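Colleague: For reference, the file run31.txt (compact mmCIF, C-alpha atoms) is included below:
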```
# COMPACT_ATOMS: atom_id res chain seq x y z
CA MET X 205 24.91 -30.47 12.02
CA LEU X 206 26.54 -27.08 12.55
CA PRO X 207 26.17 -25.56 15.99
CA VAL X 208 24.00 -22.43 16.05
CA LYS X 209 24.63 -19.79 18.66
CA LEU X 210 21.63 -18.98 20.83
CA SER X 211 21.78 -15.31 19.78
CA GLU X 212 21.68 -16.31 16.08
CA ASN X 213 18.74 -18.63 16.79
CA LYS X 214 16.86 -15.80 18.55
CA LEU X 215 17.62 -13.42 15.66
CA LEU X 216 16.32 -15.95 13.14
CA ARG X 217 13.17 -16.57 15.20
CA LYS X 218 12.47 -12.85 15.42
CA ALA X 219 13.12 -12.42 11.68
CA MET X 220 10.79 -15.32 10.89
CA ILE X 221 7.99 -13.57 12.79
CA SER X 222 8.52 -10.04 11.48
CA GLY X 223 9.36 -11.23 7.95
CA SER X 224 6.32 -13.50 7.81
CA ILE X 225 3.97 -10.72 8.89
CA ALA X 226 5.56 -8.32 6.38
CA SER X 227 5.30 -10.97 3.66
CA LEU X 228 1.65 -11.77 4.34
CA LEU X 229 0.55 -8.13 4.54
CA SER X 230 2.44 -7.07 1.43
CA ALA X 231 1.15 -10.11 -0.51
CA ILE X 232 -2.42 -9.23 0.47
CA PHE X 233 -1.85 -5.71 -0.84
CA LEU X 234 -0.19 -7.04 -4.00
CA ALA X 235 -3.36 -9.04 -4.64
CA ILE X 236 -5.66 -6.10 -3.84
CA LEU X 237 -3.69 -3.71 -6.04
CA GLY X 238 -3.44 -6.33 -8.79
CA LYS X 239 -7.21 -6.68 -8.74
CA GLY X 240 -7.64 -2.91 -8.82
CA GLU X 241 -5.13 -2.16 -11.59
CA LEU X 242 -5.26 -5.33 -13.68
CA GLY X 243 -8.46 -7.07 -12.65
CA LYS X 244 -6.29 -10.06 -11.60
CA THR X 245 -5.26 -10.83 -8.03
CA ALA X 246 -2.57 -13.39 -8.86
CA ALA X 247 -0.75 -11.32 -11.50
CA PRO X 248 1.60 -9.38 -9.18
CA ILE X 249 2.29 -12.40 -6.97
CA ASN X 250 3.35 -14.39 -10.03
CA GLY X 251 6.14 -11.85 -10.57
CA PRO X 252 8.85 -13.29 -8.33
CA SER X 253 8.46 -16.69 -10.01
CA GLN X 254 10.50 -15.20 -12.85
CA TRP X 255 13.52 -16.17 -10.74
CA VAL X 256 12.71 -19.78 -11.59
CA TRP X 257 10.59 -19.70 -14.77
CA GLY X 258 11.97 -16.66 -16.65
CA LYS X 259 10.65 -13.16 -17.26
CA TYR X 260 7.45 -14.27 -19.02
CA ALA X 261 6.23 -15.61 -15.65
CA SER X 262 5.73 -12.06 -14.37
CA PHE X 263 3.17 -11.44 -17.14
CA LEU X 264 0.87 -14.35 -16.30
CA ASN X 265 -2.49 -13.32 -14.87
CA TYR X 266 -3.95 -16.56 -13.54
CA PHE X 267 -3.42 -18.42 -10.27
CA SER X 268 -1.31 -21.57 -10.38
CA TRP X 269 0.90 -23.34 -7.90
CA ARG X 270 3.71 -23.23 -10.43
CA TYR X 271 3.72 -19.44 -10.73
CA THR X 272 1.69 -17.97 -7.87
CA GLY X 273 2.89 -20.54 -5.33
CA VAL X 274 6.53 -20.23 -6.33
CA GLY X 275 6.17 -16.45 -6.55
CA TYR X 276 4.81 -16.27 -3.02
CA VAL X 277 7.51 -18.60 -1.63
CA ILE X 278 10.21 -16.39 -3.16
CA HIS X 279 8.46 -13.26 -1.86
CA HIS X 280 8.22 -14.81 1.61
CA ALA X 281 11.89 -15.88 1.64
CA ALA X 282 12.96 -12.40 0.50
CA SER X 283 10.83 -10.85 3.26
CA ILE X 284 12.56 -12.98 5.88
CA PHE X 285 15.93 -12.06 4.34
CA TRP X 286 15.14 -8.35 4.79
CA ALA X 287 13.72 -9.00 8.25
CA LEU X 288 17.09 -10.47 9.29
CA PHE X 289 18.72 -7.13 8.49
CA TYR X 290 15.94 -5.29 10.29
CA GLU X 291 16.20 -7.40 13.44
CA LYS X 292 19.99 -7.06 13.37
CA ILE X 293 19.91 -3.25 13.28
CA ASN X 294 17.04 -3.00 15.77
CA PRO X 295 17.87 -5.48 18.54
CA GLY X 296 16.14 -3.43 21.26
CA LYS X 297 13.64 -5.10 23.53
CA ASN X 298 11.22 -2.18 23.73
CA CYS X 299 8.77 -0.81 21.21
CA GLN X 300 10.37 2.61 20.90
CA GLY X 301 12.44 3.26 17.83
CA ILE X 302 10.72 0.70 15.61
CA VAL X 303 9.54 3.03 12.83
CA ILE X 304 12.83 4.48 11.54
CA PRO X 305 14.61 1.11 11.14
CA THR X 306 11.58 -0.42 9.37
CA LEU X 307 11.45 2.49 6.94
CA MET X 308 15.21 2.26 6.36
CA VAL X 309 15.06 -1.44 5.57
CA SER X 310 12.05 -0.98 3.30
CA VAL X 311 13.78 1.81 1.36
CA VAL X 312 16.99 -0.24 1.05
CA ALA X 313 14.95 -3.26 -0.11
CA TYR X 314 13.26 -1.08 -2.76
CA ILE X 315 16.61 0.28 -4.00
CA VAL X 316 18.21 -3.17 -4.11
CA ASP X 317 15.14 -4.78 -5.72
CA PHE X 318 14.83 -2.23 -8.52
CA TYR X 319 18.26 -0.65 -9.00
CA VAL X 320 20.93 -3.11 -7.84
CA VAL X 321 19.99 -6.69 -8.70
CA PRO X 322 19.69 -7.89 -12.31
CA LYS X 323 16.14 -7.60 -13.75
CA ARG X 324 15.77 -11.38 -13.54
CA PHE X 325 16.06 -11.17 -9.75
CA SER X 326 13.80 -8.17 -9.26
CA PRO X 327 10.40 -8.92 -7.67
CA GLY X 328 8.69 -8.91 -11.08
CA PHE X 329 5.56 -7.19 -9.81
CA GLU X 330 7.02 -3.83 -10.89
CA ARG X 331 6.23 -4.94 -14.46
CA ARG X 332 2.54 -5.12 -13.59
CA LEU X 333 1.84 -2.42 -11.01
CA SER X 334 2.16 1.36 -11.04
CA LYS X 335 4.90 3.15 -9.11
CA GLY X 336 2.25 4.39 -6.68
CA SER X 337 1.20 0.81 -5.97
CA LEU X 338 4.83 -0.20 -5.43
CA PHE X 339 5.14 2.65 -2.93
CA VAL X 340 2.09 1.27 -1.09
CA VAL X 341 3.42 -2.30 -1.12
CA TYR X 342 6.82 -1.31 0.30
CA GLY X 343 5.09 0.89 2.89
CA ILE X 344 2.89 -2.03 3.93
CA PHE X 345 6.02 -4.18 4.06
CA ALA X 346 7.53 -1.67 6.52
CA LEU X 347 4.34 -1.74 8.60
CA GLY X 348 4.51 -5.54 8.63
CA LEU X 349 8.10 -5.45 9.90
CA ALA X 350 7.06 -2.96 12.58
CA GLY X 351 4.08 -5.12 13.57
CA GLY X 352 6.27 -8.21 13.76
CA SER X 353 8.80 -6.30 15.81
CA TYR X 354 6.06 -5.19 18.19
CA ILE X 355 4.92 -8.80 18.58
CA ASN X 356 8.52 -9.93 19.15
CA ARG X 357 9.04 -7.31 21.85
CA ASN X 358 5.77 -8.20 23.60
CA CYS X 359 6.62 -11.90 23.48
CA LEU X 360 9.99 -11.18 25.07
CA GLU X 361 8.34 -9.19 27.87
CA ILE X 362 5.74 -11.95 28.47
CA ASN X 363 8.49 -14.58 28.59
CA LYS X 364 10.38 -12.49 31.16
CA LEU X 365 7.28 -12.22 33.33
CA ASN X 366 6.70 -15.97 33.16
CA LYS X 367 10.28 -16.69 34.24
CA ASP X 368 10.01 -14.50 37.36
```
Could you write out this file's structure as structure tokens?
Modeller:
Amino acid sequence: MLPVKLSENKLLRKAMISGSIASLLSAIFLAILGKGELGKTAAPINGPSQWVWGKYASFLNYFSWRYTGVGYVIHHAASIFWALFYEKINPGKNCQGIVIPTLMVSVVAYIVDFYVVPKRFSPGFERRLSKGSLFVVYGIFALGLAGGSYINRNCLEINKLNKD
């Protein structure tokens, strides 16, 4: 087993929290917007499963573990990936200055997802939802990162109080 530095472990823990909250919130909004635009809640969440099953997977409307489950796992992993960058550029222990870094990471994620990576590795839900809905989803993602960051900072303060 490779040794992990304590600072890397703390960064990963913080990214797991903020990335998980961002993932859950954005997935909820993907489902809501999918229901509103397509009449199908699972359709947008199936999108990322195209990484495994090919581009046709992003056009499936029904829930299945094969497509919706895999799609959500990929979405969740990508959210934690972006949260690692966020937690790295915003290592502060207070709640000030959370908004700008979350917006920066969300904008960079949007650019990378839709303009840098090959289509096969895009989220896939852009094939099903309007640009306005994508704007909402990435905004909610930023709010999730900010919420996770707020929780991380509060947890650090509580832990300090308990140690005193």
Colleague: So the first atom is atom CA of X:Tyr266 and the second is atom CA of X:Leu347; what is the distance between them in Å, to one decimal place?
Modeller: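 For atom CA of X:Tyr266 relative to atom CA of X:Leu347, the distance reads 27.9 Å.
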Colleague: With a cut-off of 8 Å, could you pull out the residues of stretch 212-286 of chain X touching stretch 337-341 of chain X and give me the nearest pair of atoms for each, distance in Å to one decimal, using all atoms listed in the file, ordered by chain and ascending number, as JSON lines?
Modeller:
```
{"residue": "X:Ser230", "atom": "CA", "partner": "X:Val341", "partner_atom": "CA", "distance": 5.5}
{"residue": "X:Phe233", "atom": "CA", "partner": "X:Val341", "partner_atom": "CA", "distance": 6.3}
{"residue": "X:Leu234", "atom": "CA", "partner": "X:Val341", "partner_atom": "CA", "distance": 6.6}
{"residue": "X:Leu237", "atom": "CA", "partner": "X:Ser337", "partner_atom": "CA", "distance": 6.7}
```
Colleague: Go ahead and write the selection's residues with C-alpha atoms as a short mmCIF file (atom, residue, chain, number, x, y, z; two decimals), keeping the file's coordinate frame.
Modeller:
```
data_model
loop_
_atom_site.label_atom_id
_atom_site.label_comp_id
_atom_site.auth_asym_id
_atom_site.auth_seq_id
_atom_site.Cartn_x
_atom_site.Cartn_y
_atom_site.Cartn_z
CA SER X 230 2.44 -7.07 1.43
CA PHE X 233 -1.85 -5.71 -0.84
CA LEU X 234 -0.19 -7.04 -4.00
CA LEU X 237 -3.69 -3.71 -6.04
#
```
Colleague: Would you please work out which residue, of X:Val274, X:Ala346, X:Ile293, X:Leu333, is nearest to X:Ala313 when using all atoms listed in the file?
Modeller: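 Smallest separation from X:Ala313 among the options: X:Ala346.
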Colleague: Measuring atom to atom with all atoms listed in the file, identify which of X:Ser326, X:Leu215, X:Lys292, X:Trp286 is nearest to X:Val312.
Modeller: X:Trp286
Colleague: Quick check, in Å to one decimal: how far apart do atom CA of X:Ala235 and atom CA of X:Ala281 lie?
Modeller: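 Atom CA of X:Ala235 sits 17.9 Å away from atom CA of X:Ala281.
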